[in-house]
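Contents: one structure, followed by commentary.
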Amino acid sequence: MTQRNIIPAILLGLTSLAATSVVSARETIEVVGSSTVYPFSTVVAERYGRASGKPTPKIESTGSGGGMKLFCSGVGSNYPDITNSSRRMKASEFSLCQSNGVKDVIEVQIGFDGIVIANSVAVDPLPLSRKDIFLALAAKVPGAKDGELIDNPYITWRDVNAALPNVAIEVLGPPPTSGTRDAFSELAMEGGCKQFAWIAALSKTNESAFKEICHTVREDGRYIEAGENDNLLVQKLEANKAAVGVFGFSFLDQNADKVQGSLIESVEPTFDSIADKTYPISRPLYFYVKKAHIGVVPGIEGFLREFTSEKAWGEEGYLAEKGMIPLPADVREQTAKDTKALVVMTGDGLK
């Protein structure tokens, strides 16, 4: 090789080495996202770490929205490999991923969860409807005439519904970055909002106005953002017997000695009622994987195999013991095959 060619070759080698080190600088899988999926992901990570002898994946609870933002920020060792989510990826988040070079994303639905409205076992459970929930928490509620909206005047649950107790409305719930908040707005708030015919009709003529009415939560102190730590929320409900909290069924299941779920339209939140979809406020759970990191950050494929194994997510699996409701058997089988084949999502059907 001539001297003229040596320097470019050296530079090329250094550049290649630098590029490789940027992507493969770490040996540990990094997972961010949903506080609801966090305990499930954590137990899978621990089992995988013990069985494989590889470093246990690092799981961080950032909320679904915060996780998506981190996940979609770029490719390389500075960005997480996987994000958990308690609702499906949004079209805007998919676009953000694409614009930042996160081109190939693998979507894995792992099971179901119910959103509960819970209070201390020291008092009676609340028998609520989705209409009650909307009227208690919406920033604006229907007035006397169709088309009229007024600032929410309701102070007690009895103000909302004469059959409910004369106790001040005090709801501890997730912040806007939480997938639980997104799903609660869509399933509970929207479900109650649609009980008013003129608002339901608005969903077909002016969707943005419909969502503004149904999803905007009051800010007068009746709804208190309690952060992403559901364990802390349970502690607050123990301390404040008058308050109710909004969180995932798995936390209710794990803390049944401390808190109880409200009946929603006469249905108790249970493993079976969520599985058969009779409980009105249930949602799917997901995680998303960067295909570009597979084969670069060690162990991702093994972690995916563990998560989608019958011993983990099956009907008798250890995740069911933690409160996750399994997918139907045929859906689990197909999802496991697609995940093993590293099938990427197209973005079709995202909202």
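Order determines the names: the first chain of the structure tokens is A, the second B, and so forth; residues in each chain are numbered 1 upward, and ligands are numbered 1 upward as they are shown.
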Stretch 80-137 of chain A: which residues are alpha helix (DSSP H) by DSSP, as a compact mmCIF listing (two decimals) with C-alpha atoms, in the first residue's frame?
# COMPACT_ATOMS: atom_id res chain seq x y z
CA ALA A 91 -49.66 7.83 14.46
CA SER A 92 -47.76 10.95 15.57
CA GLU A 93 -45.30 8.81 17.53
CA PHE A 94 -44.76 6.48 14.58
CA SER A 95 -44.02 9.54 12.41
CA LEU A 96 -41.58 10.82 15.05
CA CYS A 97 -39.77 7.47 14.98
CA GLN A 98 -39.55 7.53 11.19
CA SER A 99 -38.25 11.10 11.09
CA ARG A 130 -68.98 5.77 32.95
CA LYS A 131 -71.48 8.64 32.88
CA ASP A 132 -70.81 9.26 36.60
CA ILE A 133 -67.07 9.28 35.93
CA PHE A 134 -67.39 11.78 33.09
CA LEU A 135 -69.64 14.12 35.08
CA ALA A 136 -67.34 13.95 38.11
CA LEU A 137 -64.12 14.68 36.23
**OP:** Return as a list of chain:residue names the full set of residues in stretch 1-135 of chain A whose backbone-based DSSP assignment is strand (DSSP E or B).
**Re:**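 So the strand (DSSP E or B) residues in stretch 1-135 of chain A would be A:Glu30, A:Val31, A:Val32, A:Gly33, A:Lys58, A:Ile59, A:Ile82, A:Thr83, A:Asn84, A:Ser85, A:Val105, A:Ile106, A:Glu107, A:Val108, A:Gln109, A:Ile110, A:Gly111, A:Phe112, A:Asp113, A:Gly114, A:Ile115, A:Val116, A:Ile117, A:Ala118, A:Asn119, A:Ser120, A:Pro127, A:Leu128.
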Subject >> Top pick for closest residue to A:Ile281, considering A:Ile213, A:Ala188, A:Ala197, A:Val37 and counting only C-alpha atoms >> reply: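 Among A:Ile213, A:Ala188, A:Ala197, A:Val37, it is A:Ala188 that comes nearest to A:Ile281.
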Subject >> Of the listed residues A:Gln260, A:Val343, A:Gly111, A:Val160, that which approaches A:Gly317 most closely, counting only C-alpha atoms >> reply: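 Of all the options, A:Gly111 lies closest to A:Gly317.
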**OP:** Select, from A:Asp330, A:Pro39, A:Thr339, A:Gly33, the residue with the minimum atom-to-atom distance to A:Asn231, counting only C-alpha atoms.
**Re:**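 Closest to A:Asn231, using only C-alpha atoms: A:Pro39.
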Original post:
Near stretch 302-308 of chain A, counting only C-alpha atoms, which residues have an atom at most 12 Å away, once you skip same-chain residues fewer than 6 positions from it, shown as a count of residues only?
Top reply: 59
Subject >> Spatial neighbours of A:Asp124, 10 Å, only C-alpha atoms, chain gap at least 6 places, as a list in words >> reply: Pro165, Lys241, Gln260 and Ser262 of chain A
**OP:** May I ask which of the residues A:Glu186, A:Glu268, A:Glu301, A:Asp104 is the closest one to A:Phe210, counting only C-alpha atoms?
**Re:**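 Of all the options, A:Glu186 lies closest to A:Phe210.
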**OP:** Considering only C-alpha atoms, state which residue in the set A:Ile155, A:Cys72, A:Ile264, A:Leu237 is at the smallest distance from A:Thr278.
**Re:**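 When distances to A:Thr278 are compared using only C-alpha atoms, the smallest one comes from A:Ile264.
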Subject >> Atomic separation - atom CA of A:Val296 relative to atom CA of A:Ser77, Å >> reply: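 For atom CA of A:Ser77 relative to atom CA of A:Val296, the distance reads 9.5 Å.
Minimum atom-to-atom distance to A:Ile115, evaluated using only C-alpha atoms, belongs to A:Arg283 out of A:Lys140, A:Lys69, A:Arg88, A:Arg283.
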Subject >> Separation of atom CA of A:Phe112 from atom CA of A:Lys277 in Å >> reply: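 Atom CA of A:Lys277 sits 9.7 Å away from atom CA of A:Phe112.
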**OP:** Write out as a PyMOL selection string each polymer residue whose atoms come within 8 Å of A:Leu263, counting only C-alpha atoms; drop sequence neighbours fewer than 6 positions from it.
**Re:** chain A and resi 125-128+269
Original post:
What's the 12 Å shell around A:Lys145, counting only C-alpha atoms, without same-chain residues fewer than 2 positions away, as JSON, numbers by chain?
Top reply: {"A": [141, 142, 143, 147, 148, 149, 150, 196, 197, 198, 199]}
Go ahead and save the picked residues with C-alpha atoms, as a PDB file, in the first residue's frame.
ATOM      1  CA  VAL A 141     -70.323  19.262  31.501  1.00  0.00           C
ATOM      2  CA  PRO A 142     -73.659  19.549  29.656  1.00  0.00           C
ATOM      3  CA  GLY A 143     -75.992  22.302  30.821  1.00  0.00           C
ATOM      4  CA  GLY A 147     -75.350  22.065  22.962  1.00  0.00           C
ATOM      5  CA  GLU A 148     -74.775  23.967  26.203  1.00  0.00           C
ATOM      6  CA  LEU A 149     -71.601  23.383  28.248  1.00  0.00           C
ATOM      7  CA  ILE A 150     -70.915  24.769  31.713  1.00  0.00           C
ATOM      8  CA  PHE A 196     -75.373  12.512  25.933  1.00  0.00           C
ATOM      9  CA  ALA A 197     -76.851  12.188  22.453  1.00  0.00           C
ATOM     10  CA  TRP A 198     -75.798  15.612  21.181  1.00  0.00           C
ATOM     11  CA  ILE A 199     -72.161  15.017  22.221  1.00  0.00           C
TER      12      ILE A 199
END
**OP:** Grab the atom CA of A:Pro328 to atom CA of A:Ala183 distance for me, in Å with one decimal place.
**Re:**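 The value is 21.0 Å.
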Original post:
Quick one: residues within 9 Å of A:Leu172, only C-alpha atoms counted, chain neighbours fewer than 3 positions away excluded, as a PyMOL selection string?
Top reply: chain A and resi 222-226+233+236-237+243-246
